[in-house]
Amino acid sequence: MHGPGDIVELADQPAGARETVAPVWHARLTALLAEVSREALQGEDLEEVLRRIVECLVRNLPVAIASIILLDDEGAHFVQEVWAGDLDLYPAELAHGWPVSVGAAGRCARTGEAQLITDVDTDPDYVPGNTKVRSEYLVPIRHRARLHGVLNIESTQPDFFYPEARDVFDAIADQIAGAIHLARVVAELESANRKLEALSMIDGLTGIANRRCFDQRLAAEWEWQSVEHRELAIVLIDADAFKPLNDAHGHLYGDECLRELARLCARFADGADDLVARFGGEELVLLLPDRSLEAAVALGEALRRDVEAAAMRHDNSAIAPYVTVSVGVASVTPTSGRSPDRLIAAADRALYAAKAQGRNRVVAAQVE
Ligand SMILES: Nc1nc2c(ncn2[C@@H]2O[C@H](COP(=O)(O)OP(=O)(O)OP(=O)(O)O)[C@@H](O)[C@H]2O)c(=O)[nH]1
């Protein structure tokens, strides 16, 4: 069995002796690559992936510092450095990016070539991170055409990075490139999924929540309010004489009125857990936790008046020369295990009554 100690000793060997023990590096390399892979797979996000990799490197190899310095998308600035080591590293200030025109790492990124610094004192670009460091090896981290950053290995021994050692770090840099690529693809997929999930909850015409979102939130609020023994109200809003509106003014004007109605309704969803949603067609809904029936009726009445005040022209309504709404209201203290459909059914009955009583009014109903 060979361990990291074998590699430490290797660094002290004359060139001829090194060749005889080079297989030690290569045997170690296979195990190390497997371990780097395992570590990379366990990271939750890119930063943790990188931290696990650099910690794995300093645990297994006789290096003083290992760091991964990431480039921005343009490859013009280093924007993040993740490091591990026995020595303290005083990393350059990366808050605003560190241009690739500066430092040995910058030279590595600019040229796309590995940089071997056998004696840091003689390298004009070397930026000291710790005064005990004597030699440094920098390898580009590249996946296909994209340069992700630079792998930076520092040693307290001069001439530490002889060819066998450099082979190992070159191979590790390739593997890091794969790990970074994978972590970035996963992050992009997760972000795209979050956007899709959000989009799937939005009504395309009005920009407010859609029915799917409403159903989910209703179920969640129902359970929550049943635990809290608090009321849950809904207000159903239905535009009056909408078919005649479309017939008289055209579908596009109808769409515009729906958007304006959604905007007016949204102003009443001002509590942290309130929701305004398109219930379907020309019908909108407000989900209002912690509202009594009286409070919800008052809110429905204020909304009805606001719609009147908006005076959206309607030349084909028997009720008024502008758009009006009928409103059905219901409120209940939910019981876990019973369906929230009872609440919707009550608001629907109230809405039907408002229509039957002449429209442009608010009616409340008891939950049965
Ligand atoms: N412009 C437009 N019209 C819609 C949309 N969704 C539903 N509608 C129309 O809304 C109208 C609803 O008609 P009805 O259910 O008969 O109701 P109404 O004419 O509003 O009559 P009352 O509700 O009884 O006052 C239908 O003509 C639908 O085509 C939409 O997204 N845009």
# chains A, B, ... in the order shown; residues from 1 in each chain; ligands from 1

call {"tool": "residues_around", "arguments": {"residues": "Glu136 of chain A", "least_positions_apart": "2", "cutoff": "10 Å", "atoms": "only C-alpha atoms", "output": "PyMOL selection string"}}
result
chain A and resi 63-66+104+115-120+126+133-134+138+152-161

call {"tool": "closest_atom_pairs", "arguments": {"of": "chain A", "to": "ligand 1", "cutoff": "6 Å", "atoms": "only C-alpha atoms and all ligand atoms", "output": "CSV"}}
result
residue,atom,partner,partner_atom_place_in_ligand_line,distance
A:Ala239,CA,ligand 1,20 (O),5.5
A:Asp240,CA,ligand 1,25 (O),3.5
A:Ala241,CA,ligand 1,20 (O),3.7
A:Phe242,CA,ligand 1,20 (O),3.4
A:Lys243,CA,ligand 1,19 (O),3.6
A:Pro244,CA,ligand 1,19 (O),5.8
A:Asn246,CA,ligand 1,1 (N),5.8
A:His251,CA,ligand 1,1 (N),4.0
A:Leu252,CA,ligand 1,1 (N),5.8
A:Gly254,CA,ligand 1,1 (N),3.6
A:Asp255,CA,ligand 1,1 (N),4.2
A:Gly281,CA,ligand 1,6 (N),3.4
A:Glu282,CA,ligand 1,7 (C),4.7

call {"tool": "write_last_selection", "arguments": {"atoms": "N, CA and C atoms", "output": "PDB file, in the first residue's frame"}}
result
ATOM      1  N   ALA A 239     -67.924  38.787 -14.059  1.00  0.00           N
ATOM      2  CA  ALA A 239     -68.317  39.959 -14.857  1.00  0.00           C
ATOM      3  C   ALA A 239     -69.728  39.746 -15.402  1.00  0.00           C
ATOM      4  N   ASP A 240     -70.520  40.804 -15.337  1.00  0.00           N
ATOM      5  CA  ASP A 240     -71.897  40.711 -15.823  1.00  0.00           C
ATOM      6  C   ASP A 240     -71.941  40.931 -17.332  1.00  0.00           C
ATOM      7  N   ALA A 241     -72.863  40.226 -17.956  1.00  0.00           N
ATOM      8  CA  ALA A 241     -73.144  40.424 -19.386  1.00  0.00           C
ATOM      9  C   ALA A 241     -71.861  40.470 -20.220  1.00  0.00           C
ATOM     10  N   PHE A 242     -71.006  39.488 -19.990  1.00  0.00           N
ATOM     11  CA  PHE A 242     -69.723  39.507 -20.683  1.00  0.00           C
ATOM     12  C   PHE A 242     -69.851  39.040 -22.130  1.00  0.00           C
ATOM     13  N   LYS A 243     -70.802  38.136 -22.341  1.00  0.00           N
ATOM     14  CA  LYS A 243     -71.012  37.703 -23.744  1.00  0.00           C
ATOM     15  C   LYS A 243     -71.479  38.896 -24.591  1.00  0.00           C
ATOM     16  N   PRO A 244     -72.495  39.655 -24.084  1.00  0.00           N
ATOM     17  CA  PRO A 244     -72.878  40.859 -24.836  1.00  0.00           C
ATOM     18  C   PRO A 244     -71.732  41.866 -24.995  1.00  0.00           C
ATOM     19  N   ASN A 246     -68.470  41.124 -25.336  1.00  0.00           N
ATOM     20  CA  ASN A 246     -67.658  40.622 -26.449  1.00  0.00           C
ATOM     21  C   ASN A 246     -68.356  40.873 -27.783  1.00  0.00           C
ATOM     22  N   HIS A 251     -63.697  40.706 -28.876  1.00  0.00           N
ATOM     23  CA  HIS A 251     -63.026  39.850 -27.893  1.00  0.00           C
ATOM     24  C   HIS A 251     -61.805  40.523 -27.265  1.00  0.00           C
ATOM     25  N   LEU A 252     -61.103  41.318 -28.093  1.00  0.00           N
ATOM     26  CA  LEU A 252     -59.882  41.947 -27.564  1.00  0.00           C
ATOM     27  C   LEU A 252     -60.214  42.959 -26.471  1.00  0.00           C
ATOM     28  N   GLY A 254     -62.826  42.725 -24.623  1.00  0.00           N
ATOM     29  CA  GLY A 254     -63.215  41.859 -23.498  1.00  0.00           C
ATOM     30  C   GLY A 254     -61.975  41.433 -22.703  1.00  0.00           C
ATOM     31  N   ASP A 255     -60.924  41.060 -23.441  1.00  0.00           N
ATOM     32  CA  ASP A 255     -59.662  40.665 -22.765  1.00  0.00           C
ATOM     33  C   ASP A 255     -59.117  41.820 -21.920  1.00  0.00           C
ATOM     34  N   GLY A 281     -62.750  31.419 -17.210  1.00  0.00           N
ATOM     35  CA  GLY A 281     -63.500  32.348 -18.067  1.00  0.00           C
ATOM     36  C   GLY A 281     -63.439  33.774 -17.582  1.00  0.00           C
ATOM     37  N   GLU A 282     -64.637  34.350 -17.362  1.00  0.00           N
ATOM     38  CA  GLU A 282     -64.691  35.754 -16.918  1.00  0.00           C
ATOM     39  C   GLU A 282     -64.934  35.819 -15.411  1.00  0.00           C
TER      40      GLU A 282
END

call {"tool": "residues_around", "arguments": {"residues": "Thr206 of chain A", "least_positions_apart": "4", "cutoff": "9 Å", "atoms": "only C-alpha atoms", "output": "MDAnalysis selection string"}}
result
chainID A and resid 202 255:256 258:263 278

call {"tool": "write_last_selection", "arguments": {"atoms": "C-alpha atoms", "output": "tab-separated table (two decimals), in the first residue's frame"}}
result
chain	number	residue	atom	x	y	z
A	202	ILE	CA	-49.85	31.96	-13.74
A	255	ASP	CA	-59.66	40.67	-22.77
A	256	GLU	CA	-58.66	44.19	-21.80
A	258	LEU	CA	-60.62	41.12	-17.83
A	259	ARG	CA	-57.09	42.37	-17.27
A	260	GLU	CA	-58.42	45.53	-15.65
A	261	LEU	CA	-60.79	43.50	-13.45
A	262	ALA	CA	-57.85	41.32	-12.37
A	263	ARG	CA	-55.85	44.43	-11.49
A	278	ARG	CA	-58.57	33.57	-12.33

call {"tool": "closest_residue", "arguments": {"among": "A:Ala209, A:Ala347, A:Cys56, A:Ala145", "to": "Val276 of chain A", "atoms": "only C-alpha atoms"}}
result
A:Ala209

call {"tool": "residues_around", "arguments": {"residues": "Ala354 of chain A", "least_positions_apart": "6", "cutoff": "8 Å", "atoms": "only C-alpha atoms", "output": "list in words"}}
result
Ser326, Val327, Gly328, Asn360, Arg361, Val362 and Val363 of chain A

call {"tool": "closest_residue", "arguments": {"among": "A:Glu188, A:Asp348, A:Asp315, A:Asp73", "to": "Asp238 of chain A", "atoms": "only C-alpha atoms"}}
result
A:Asp348

call {"tool": "residues_around", "arguments": {"residues": "segment 212-224 of chain A", "least_positions_apart": "2", "cutoff": "8 Å", "atoms": "only C-alpha atoms", "output": "list of chain:residue names"}}
result
A:Met201, A:Ile202, A:Ala209, A:Asn210, A:Ser226, A:Val227, A:Glu228, A:Leu232, A:Leu275, A:Ala277, A:Phe279, A:Leu287, A:Pro289, A:Pro334, A:Thr335, A:Ser336, A:Pro340

call {"tool": "write_last_selection", "arguments": {"atoms": "N, CA and C atoms", "output": "short mmCIF file (atom, residue, chain, number, x, y, z; two decimals), in the first residue's frame"}}
result
data_model
loop_
_atom_site.label_atom_id
_atom_site.label_comp_id
_atom_site.auth_asym_id
_atom_site.auth_seq_id
_atom_site.Cartn_x
_atom_site.Cartn_y
_atom_site.Cartn_z
N MET A 201 -48.22 28.27 -12.85
CA MET A 201 -49.18 28.73 -11.84
C MET A 201 -49.78 30.08 -12.22
N ILE A 202 -49.42 30.60 -13.38
CA ILE A 202 -49.85 31.96 -13.74
C ILE A 202 -50.81 31.92 -14.93
N ALA A 209 -52.63 34.57 -10.55
CA ALA A 209 -52.57 33.11 -10.38
C ALA A 209 -53.67 32.43 -11.21
N ASN A 210 -53.40 31.22 -11.64
CA ASN A 210 -54.43 30.49 -12.39
C ASN A 210 -55.19 29.53 -11.47
N SER A 226 -57.58 24.94 9.48
CA SER A 226 -58.27 23.95 10.33
C SER A 226 -57.42 23.67 11.57
N VAL A 227 -56.10 23.70 11.42
CA VAL A 227 -55.22 23.51 12.57
C VAL A 227 -55.32 24.72 13.49
N GLU A 228 -55.35 25.89 12.90
CA GLU A 228 -55.37 27.14 13.67
C GLU A 228 -56.77 27.50 14.19
N LEU A 232 -61.72 31.02 6.93
CA LEU A 232 -61.19 31.15 5.58
C LEU A 232 -62.34 31.61 4.69
N LEU A 275 -54.79 35.58 -1.82
CA LEU A 275 -54.48 35.22 -3.20
C LEU A 275 -55.59 35.72 -4.12
N ALA A 277 -56.91 35.07 -8.03
CA ALA A 277 -56.69 34.09 -9.11
C ALA A 277 -57.81 34.19 -10.14
N PHE A 279 -60.49 32.24 -11.80
CA PHE A 279 -61.17 30.99 -11.47
C PHE A 279 -61.55 30.24 -12.73
N LEU A 287 -58.93 34.54 -2.38
CA LEU A 287 -58.82 33.60 -1.26
C LEU A 287 -58.30 34.40 -0.08
N PRO A 289 -57.61 34.23 3.89
CA PRO A 289 -57.53 33.63 5.22
C PRO A 289 -57.81 34.67 6.30
N PRO A 334 -62.43 26.00 8.57
CA PRO A 334 -62.30 24.68 7.94
C PRO A 334 -62.17 23.55 8.94
N THR A 335 -62.63 22.37 8.52
CA THR A 335 -62.46 21.16 9.31
C THR A 335 -61.57 20.23 8.52
N SER A 336 -60.48 19.81 9.14
CA SER A 336 -59.56 18.91 8.44
C SER A 336 -60.29 17.62 8.06
N PRO A 340 -62.70 21.33 0.86
CA PRO A 340 -62.94 22.77 0.70
C PRO A 340 -63.99 23.08 -0.37
#

call {"tool": "select_by_dssp", "arguments": {"residues": "segment 138-355 of chain A", "states": "strand (DSSP E)", "output": "number ranges by chain"}}
result
A: 138-143, 146-155, 232-239, 275-280, 283-289, 325-332

call {"tool": "closest_residue", "arguments": {"among": "A:Leu57, A:Val139, A:Leu245, A:Val307", "to": "Ala34 of chain A", "atoms": "only C-alpha atoms"}}
result
A:Leu57
